[in-house]
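Raw run.pdb, PDB, C-alpha atoms:
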```pdb
ATOM      1  CA  MET X  27     125.052 117.630  75.969
ATOM      2  CA  ASP X  28     128.005 115.467  76.983
ATOM      3  CA  ILE X  29     126.210 112.492  78.507
ATOM      4  CA  ASP X  30     129.317 110.669  79.678
ATOM      5  CA  ALA X  31     130.754 113.772  81.348
ATOM      6  CA  THR X  32     127.486 114.448  83.171
ATOM      7  CA  LEU X  33     127.225 110.874  84.397
ATOM      8  CA  ASP X  34     130.885 111.000  85.448
ATOM      9  CA  GLY X  35     130.083 114.077  87.544
ATOM     10  CA  CYS X  36     127.114 112.364  89.180
ATOM     11  CA  GLU X  37     129.140 109.276  90.028
ATOM     12  CA  GLN X  38     131.941 111.378  91.481
ATOM     13  CA  ALA X  39     129.550 113.419  93.615
ATOM     14  CA  LEU X  40     127.924 110.266  94.976
ATOM     15  CA  ALA X  41     131.318 108.696  95.693
ATOM     16  CA  GLU X  42     132.331 111.723  97.757
ATOM     17  CA  GLY X  43     129.367 111.244 100.103
ATOM     18  CA  GLY X  44     127.014 113.851 101.467
ATOM     19  CA  PRO X  45     123.875 115.282  99.885
ATOM     20  CA  VAL X  46     123.750 115.161  96.088
ATOM     21  CA  ASP X  47     121.306 117.103  93.907
ATOM     22  CA  LEU X  48     121.129 115.054  90.722
ATOM     23  CA  SER X  49     118.926 117.655  89.061
ATOM     24  CA  ALA X  50     121.537 120.361  89.559
ATOM     25  CA  LEU X  51     124.186 118.048  88.112
ATOM     26  CA  GLY X  52     122.136 117.548  84.948
ATOM     27  CA  PHE X  53     121.257 113.909  85.580
ATOM     28  CA  TRP X  54     117.580 114.193  84.706
ATOM     29  CA  ARG X  55     118.324 116.183  81.571
ATOM     30  CA  VAL X  56     120.529 113.269  80.514
ATOM     31  CA  VAL X  57     117.710 110.827  81.279
ATOM     32  CA  GLY X  58     115.339 112.855  79.117
ATOM     33  CA  THR X  59     117.832 112.832  76.253
ATOM     34  CA  VAL X  60     118.443 109.102  76.562
ATOM     35  CA  LYS X  61     114.713 108.312  76.527
ATOM     36  CA  ARG X  62     114.427 109.807  73.048
ATOM     37  CA  ASP X  63     117.045 107.539  71.461
ATOM     38  CA  PRO X  64     116.966 103.714  71.719
ATOM     39  CA  ASN X  65     120.685 103.578  70.916
ATOM     40  CA  LEU X  66     121.435 105.809  73.899
ATOM     41  CA  VAL X  67     119.206 103.623  76.076
ATOM     42  CA  THR X  68     121.254 100.577  75.095
ATOM     43  CA  ARG X  69     124.480 102.377  75.912
ATOM     44  CA  HIS X  70     123.605 104.210  79.117
ATOM     45  CA  ALA X  71     120.602 102.509  80.801
ATOM     46  CA  ASP X  72     122.552 100.396  83.289
ATOM     47  CA  ARG X  73     124.815 103.264  84.281
ATOM     48  CA  ILE X  74     121.837 105.566  84.798
ATOM     49  CA  ALA X  75     120.148 102.858  86.882
ATOM     50  CA  ALA X  76     123.202 102.500  89.140
ATOM     51  CA  ILE X  77     123.378 106.252  89.775
ATOM     52  CA  ASP X  78     119.646 106.455  90.414
ATOM     53  CA  GLU X  79     119.681 103.554  92.893
ATOM     54  CA  THR X  80     122.678 104.919  94.802
ATOM     55  CA  ALA X  81     120.985 108.299  95.173
ATOM     56  CA  PHE X  82     117.690 106.669  96.132
ATOM     57  CA  LEU X  83     119.242 104.581  98.912
ATOM     58  CA  ARG X  84     120.803 107.740 100.274
ATOM     59  CA  TRP X  85     117.599 109.759 100.575
ATOM     60  CA  ALA X  86     114.875 107.178 101.299
ATOM     61  CA  LEU X  87     113.826 107.083 104.947
ATOM     62  CA  VAL X  88     113.035 103.336 105.044
ATOM     63  CA  THR X  89     113.748 100.642 102.449
ATOM     64  CA  VAL X  90     113.068  96.906 102.321
ATOM     65  CA  PRO X  91     113.750  94.372  99.539
ATOM     66  CA  THR X  92     111.053  94.056  96.895
ATOM     67  CA  ARG X  93     109.986  90.558  97.937
ATOM     68  CA  THR X  94     109.699  91.488 101.626
ATOM     69  CA  GLY X  95     107.729  94.640 100.897
ATOM     70  CA  THR X  96     105.434  92.834  98.489
ATOM     71  CA  VAL X  97     104.602  90.238 101.136
ATOM     72  CA  ILE X  98     103.880  92.968 103.696
ATOM     73  CA  MET X  99     101.669  94.948 101.308
ATOM     74  CA  SER X 100      99.870  91.808 100.138
ATOM     75  CA  VAL X 101      99.102  90.848 103.734
ATOM     76  CA  ALA X 102      97.848  94.391 104.400
ATOM     77  CA  ALA X 103      95.613  94.175 101.327
ATOM     78  CA  LEU X 104      94.230  90.822 102.482
ATOM     79  CA  VAL X 105      93.542  92.271 105.939
ATOM     80  CA  GLY X 106      91.696  95.162 104.317
ATOM     81  CA  LEU X 107      89.695  92.796 102.136
ATOM     82  CA  ALA X 108      88.892  90.634 105.161
ATOM     83  CA  ALA X 109      87.634  93.687 107.066
ATOM     84  CA  VAL X 110      85.328  94.649 104.196
ATOM     85  CA  SER X 111      84.092  91.057 103.903
ATOM     86  CA  ALA X 112      83.455  90.876 107.650
ATOM     87  CA  ALA X 113      81.049  93.799 107.335
ATOM     88  CA  TYR X 114      78.505  91.430 105.775
ATOM     89  CA  PHE X 115      78.409  89.339 108.953
ATOM     90  CA  ILE X 116      78.496  91.870 111.794
ATOM     91  CA  PRO X 117      75.809  94.286 113.010
ATOM     92  CA  SER X 118      75.555  98.034 112.536
ATOM     93  CA  PRO X 119      77.441 100.290 113.237
ATOM     94  CA  TRP X 120      80.412  97.922 113.375
ATOM     95  CA  ASN X 121      79.925  96.886 109.779
ATOM     96  CA  GLY X 122      80.376 100.499 108.683
ATOM     97  CA  ILE X 123      83.519 100.860 110.759
ATOM     98  CA  ALA X 124      84.893  97.635 109.277
ATOM     99  CA  ILE X 125      84.298  98.887 105.732
ATOM    100  CA  ILE X 126      86.007 102.221 106.414
ATOM    101  CA  ILE X 127      89.036 100.554 108.019
ATOM    102  CA  GLY X 128      89.213  97.930 105.287
ATOM    103  CA  THR X 129      88.985 100.492 102.494
ATOM    104  CA  VAL X 130      91.741 102.632 103.999
ATOM    105  CA  ALA X 131      93.961  99.552 104.366
ATOM    106  CA  LEU X 132      93.313  98.633 100.738
ATOM    107  CA  ILE X 133      94.119 102.152  99.541
ATOM    108  CA  ALA X 134      97.399 102.200 101.470
ATOM    109  CA  SER X 135      98.496  98.773 100.259
ATOM    110  CA  THR X 136      97.278  98.546  96.670
ATOM    111  CA  HIS X 137      98.760 101.767  95.299
ATOM    112  CA  GLY X 138     102.252 100.327  95.117
ATOM    113  CA  LEU X 139     100.964  96.860  94.265
ATOM    114  CA  GLY X 140      99.207  98.348  91.244
ATOM    115  CA  HIS X 141     102.479  99.844  90.025
ATOM    116  CA  LEU X 142     104.290  96.581  90.721
ATOM    117  CA  ILE X 143     101.848  94.304  88.916
ATOM    118  CA  VAL X 144     101.477  96.464  85.816
ATOM    119  CA  GLY X 145     105.196  97.200  85.764
ATOM    120  CA  ARG X 146     106.095  93.524  85.885
ATOM    121  CA  LEU X 147     103.621  92.792  83.095
ATOM    122  CA  VAL X 148     105.319  95.311  80.788
ATOM    123  CA  GLY X 149     108.880  94.309  81.707
ATOM    124  CA  ILE X 150     109.840  96.759  84.453
ATOM    125  CA  ARG X 151     111.616  95.339  87.487
ATOM    126  CA  PHE X 152     111.656  96.873  90.958
ATOM    127  CA  THR X 153     114.407  97.051  93.562
ATOM    128  CA  HIS X 154     112.803  98.079  96.877
ATOM    129  CA  TRP X 155     109.709  99.103  98.739
ATOM    130  CA  PHE X 156     110.256 102.348 100.611
ATOM    131  CA  ILE X 157     108.932 105.246 102.628
ATOM    132  CA  GLY X 158     110.450 108.462 101.360
ATOM    133  CA  ALA X 159     109.846 110.790 104.303
ATOM    134  CA  VAL X 160     107.823 111.205 107.495
ATOM    135  CA  SER X 161     105.716 113.796 105.668
ATOM    136  CA  LYS X 162     104.982 111.244 102.901
ATOM    137  CA  PRO X 163     104.298 107.934 104.690
ATOM    138  CA  GLN X 164     102.587 106.253 101.710
ATOM    139  CA  PRO X 165     104.670 103.144 100.884
ATOM    140  CA  GLY X 166     106.152 103.236  97.404
ATOM    141  CA  VAL X 167     107.898 100.763  95.134
ATOM    142  CA  LYS X 168     111.207 101.724  93.496
ATOM    143  CA  ILE X 169     111.690 101.024  89.817
ATOM    144  CA  ASP X 170     114.869  99.591  88.379
ATOM    145  CA  TYR X 171     115.711 102.411  85.997
ATOM    146  CA  GLY X 172     117.536 100.200  83.538
ATOM    147  CA  THR X 173     114.468  98.085  82.784
ATOM    148  CA  TYR X 174     112.298 101.209  82.969
ATOM    149  CA  LEU X 175     114.275 102.885  80.184
ATOM    150  CA  ARG X 176     114.122  99.756  78.046
ATOM    151  CA  THR X 177     110.320  99.644  78.317
ATOM    152  CA  PRO X 178     108.244 101.509  75.681
ATOM    153  CA  PRO X 179     107.125 104.941  76.937
ATOM    154  CA  LYS X 180     103.401 104.235  76.647
ATOM    155  CA  ALA X 181     103.821 101.165  78.865
ATOM    156  CA  ARG X 182     105.832 103.255  81.339
ATOM    157  CA  ALA X 183     102.999 105.782  81.381
ATOM    158  CA  TRP X 184     100.356 103.207  82.259
ATOM    159  CA  MET X 185     102.584 101.762  84.967
ATOM    160  CA  HIS X 186     102.598 105.218  86.587
ATOM    161  CA  ALA X 187      98.828 105.552  86.207
ATOM    162  CA  SER X 188      97.986 102.100  87.548
ATOM    163  CA  GLY X 189      98.448 102.801  91.247
ATOM    164  CA  ALA X 190      96.414 105.996  91.090
ATOM    165  CA  LEU X 191      93.588 104.330  89.179
ATOM    166  CA  VAL X 192      93.317 101.488  91.695
ATOM    167  CA  THR X 193      93.236 103.727  94.755
ATOM    168  CA  LYS X 194      90.724 106.148  93.210
ATOM    169  CA  ALA X 195      88.311 103.312  92.449
ATOM    170  CA  LEU X 196      88.393 101.722  95.902
ATOM    171  CA  PRO X 197      86.217 104.193  97.883
ATOM    172  CA  PHE X 198      83.476 103.939  95.254
ATOM    173  CA  LEU X 199      83.671 100.147  95.298
ATOM    174  CA  GLY X 200      83.430 100.440  99.075
ATOM    175  CA  ILE X 201      80.097 102.231  98.674
ATOM    176  CA  GLY X 202      78.798  99.112  96.960
ATOM    177  CA  ALA X 203      80.009  97.007  99.874
ATOM    178  CA  ALA X 204      78.364  99.422 102.317
ATOM    179  CA  TRP X 205      75.072  99.047 100.458
ATOM    180  CA  GLY X 206      75.356  95.268 100.275
ATOM    181  CA  SER X 207      76.156  94.923 103.980
ATOM    182  CA  HIS X 208      73.421  97.374 105.056
ATOM    183  CA  SER X 209      75.985  99.629 106.714
ATOM    184  CA  PRO X 210      74.897 102.985 108.183
ATOM    185  CA  ALA X 211      74.364 105.886 105.780
ATOM    186  CA  TRP X 212      77.357 107.747 107.209
ATOM    187  CA  THR X 213      79.573 104.978 105.827
ATOM    188  CA  TRP X 214      78.453 105.865 102.312
ATOM    189  CA  TRP X 215      79.110 109.559 102.868
ATOM    190  CA  ILE X 216      82.576 108.995 104.307
ATOM    191  CA  LEU X 217      83.543 106.790 101.369
ATOM    192  CA  LEU X 218      82.107 109.259  98.857
ATOM    193  CA  LEU X 219      83.992 112.157 100.446
ATOM    194  CA  LEU X 220      87.175 110.059 100.558
ATOM    195  CA  GLY X 221      86.856 109.230  96.871
ATOM    196  CA  LEU X 222      86.174 112.844  95.892
ATOM    197  CA  PHE X 223      89.052 114.036  98.083
ATOM    198  CA  GLN X 224      91.455 111.676  96.343
ATOM    199  CA  ILE X 225      90.297 112.846  92.922
ATOM    200  CA  ALA X 226      90.676 116.481  93.981
ATOM    201  CA  THR X 227      94.215 115.941  95.255
ATOM    202  CA  ASP X 228      95.126 114.247  91.983
ATOM    203  CA  VAL X 229      93.749 117.155  89.962
ATOM    204  CA  LEU X 230      95.441 119.764  92.152
ATOM    205  CA  PHE X 231      98.749 118.069  92.955
ATOM    206  CA  SER X 232      99.445 114.762  91.202
ATOM    207  CA  VAL X 233      99.367 116.291  87.714
ATOM    208  CA  LYS X 234     102.159 118.611  88.874
ATOM    209  CA  SER X 235     104.386 116.395  90.987
ATOM    210  CA  SER X 236     103.389 112.736  91.145
ATOM    211  CA  ASP X 237     101.902 109.815  89.201
ATOM    212  CA  TRP X 238      99.823 111.778  86.708
ATOM    213  CA  LYS X 239     102.711 114.132  85.979
ATOM    214  CA  LYS X 240     104.840 111.094  85.134
ATOM    215  CA  PHE X 241     102.000 109.602  83.081
ATOM    216  CA  ARG X 242     101.740 112.758  80.981
ATOM    217  CA  ARG X 243     105.527 112.987  80.643
ATOM    218  CA  GLU X 244     105.856 109.445  79.319
ATOM    219  CA  MET X 245     102.899 109.899  76.975
ATOM    220  CA  ARG X 246     104.710 112.890  75.479
ATOM    221  CA  TYR X 247     107.709 110.648  74.823
ATOM    222  CA  ALA X 248     105.383 108.072  73.254
ATOM    223  CA  HIS X 249     103.984 110.646  70.843
ATOM    224  CA  SER X 250     107.247 112.442  70.077
TER
END
```
Let me see the file written as structure tokens.
Amino acid sequence: MDIDATLDGCEQALAEGGPVDLSALGFWRVVGTVKRDPNLVTRHADRIAAIDETAFLRWALVTVPTRTGTVIMSVAALVGLAAVSAAYFIPSPWNGIAIIIGTVALIASTHGLGHLIVGRLVGIRFTHWFIGAVSKPQPGVKIDYGTYLRTPPKARAWMHASGALVTKALPFLGIGAAWGSHSPAWTWWILLLLGLFQIATDVLFSVKSSDWKKFRREMRYAHS
């Protein structure tokens, strides 16, 4: 594979404007090749990162700077935590409603924060928060691909897993809050079903197209 020629083609296609399919141009095959060789990472990481970011900014529906998005998501997480905490001081059934709303807010806000915190700890930087499409409104955080490639693959894998692990745990932690606040029984059932639903979607979909697929991919690089 001629890495430089492939990257040249990607850069030219992006410079011409219009939709660009990086997969069809061989970009991700190049990325896979580069990941296997630290010398290639040193040579090509920044160029790959520039191509990736240009393409990302073209397709993402909404983007905000990392700092702005982190503040927004942190505030949302605090609101969710406040709602759960309030359940201990308000009567039934409002305490159950508060726990459900708070848990949903925490799930929506902490997924990306989990990626961000673990990523920063292992040396990965991030460029934006974003919403990719109307059909996928979950806020995400965009990695800087240069620092991503320079990070060991096992650390990259756990960065991908972190968001999923946090959000899967939250409904079950919410059950504990529902018990402690004497919330109605239906609160427990809703949280249990929410937790099981999230696990089911991970098993059925995420291992094929999302966080767990990326986790398994990077673990293969770690063991290759």
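Among the candidates X:His208, X:Arg84, X:Arg176, X:His249, the one nearest to Val60 of chain X when counting all atoms listed in the file is X:Arg176.
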Given only C-alpha atoms as the counted atoms, nearest of X:Leu218, X:Ala203, X:Ala187, X:Val167 to Val233 of chain X: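 Using only C-alpha atoms, Val233 of chain X sits closest to X:Ala187.
This file gives the following result for the PyMOL selection byres ((chain X and resi 109) around 8): Val105, Gly106, Leu107, Ala108, Val110, Ser111, Ala112, Ala113, Ala124, Ile125, Ile127 and Gly128 of chain X.
For the atom pair formed by atom CA of His154 of chain X and atom CA of Trp85 of chain X, the distance is 13.2 Å, given to one decimal.
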The residue from X:Pro45, X:Pro163, X:Gly35, X:Gly189 with the smallest atom-to-atom distance to Trp238 of chain X, counting all atoms listed in the file, is X:Gly189
One decimal place gives the atom CA of Thr92 of chain X-atom CA of Lys194 of chain X separation as 23.9 Å
Q) On this structure, which residues satisfy the PyMOL selection byres ((chain X and resi 164) around 9), written as number ranges by chain? A) X: 134-135, 137-138, 156-159, 162-163, 165-166
Using all atoms listed in the file, the shortest atom-to-atom distance to Asp237 of chain X among X:Pro117, X:Pro91, X:Gly140, X:Gly52 belongs to X:Gly140
Using all atoms listed in the file, which protein or nucleic acid residues come within 8 Å of Asp170 of chain X? Drop anything in the same chain fewer than 6 positions from it, and give the result as an mmCIF file with C-alpha atoms, keeping the file's coordinate frame.
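Once written, around.cif looks like this:
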```cif
data_model
loop_
_atom_site.group_PDB
_atom_site.id
_atom_site.type_symbol
_atom_site.label_atom_id
_atom_site.label_comp_id
_atom_site.auth_asym_id
_atom_site.auth_seq_id
_atom_site.Cartn_x
_atom_site.Cartn_y
_atom_site.Cartn_z
ATOM 1 C CA ALA X 75 120.148 102.858 86.882
ATOM 2 C CA GLU X 79 119.681 103.554 92.893
ATOM 3 C CA ILE X 150 109.840 96.759 84.453
ATOM 4 C CA ARG X 151 111.616 95.339 87.487
ATOM 5 C CA PHE X 152 111.656 96.873 90.958
ATOM 6 C CA THR X 153 114.407 97.051 93.562
#
```
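Across the model, the gap from atom CA of Leu175 of chain X to atom CA of Asp34 of chain X is 19.2 Å.
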Using all atoms of segment 230-242 of chain X that appear in the file, construct an axis-aligned enclosing box with 4 Å of padding on every side and provide its centre coordinates and edge lengths in Å, rounded to one decimal, as AutoDock Vina command-line options.
```
--center_x 100.1 --center_y 114.7 --center_z 87.0 --size_x 17.4 --size_y 18.2 --size_z 20.0
```
Report the residues retrieved by the PyMOL selection byres ((chain X and resi 145) around 12) from the displayed file, expressed as a VMD selection string.
chain X and resid 138 to 144 146 to 152 167 to 171 173 to 174 177 to 189
- Message: For a cutoff of 6 Å around the file-coordinate point (80.9, 100.0, 106.2), which residues qualify once you count all atoms listed in the file? I'd like the result as a VMD selection string.
- Response: chain X and resid 121 to 126 204 209 213
For Leu33 of chain X, find every residue with an atom within 9 Å (counting only C-alpha atoms), except residues of its own chain fewer than 5 positions away, and show them as JSON, numbers by chain. {"X": [28, 38, 51, 52, 53, 56, 73, 74, 77]}
With distances taken over all atoms listed in the file, the candidate from X:Leu222, X:Ala190, X:Val67, X:Val90 nearest Lys239 of chain X is X:Ala190
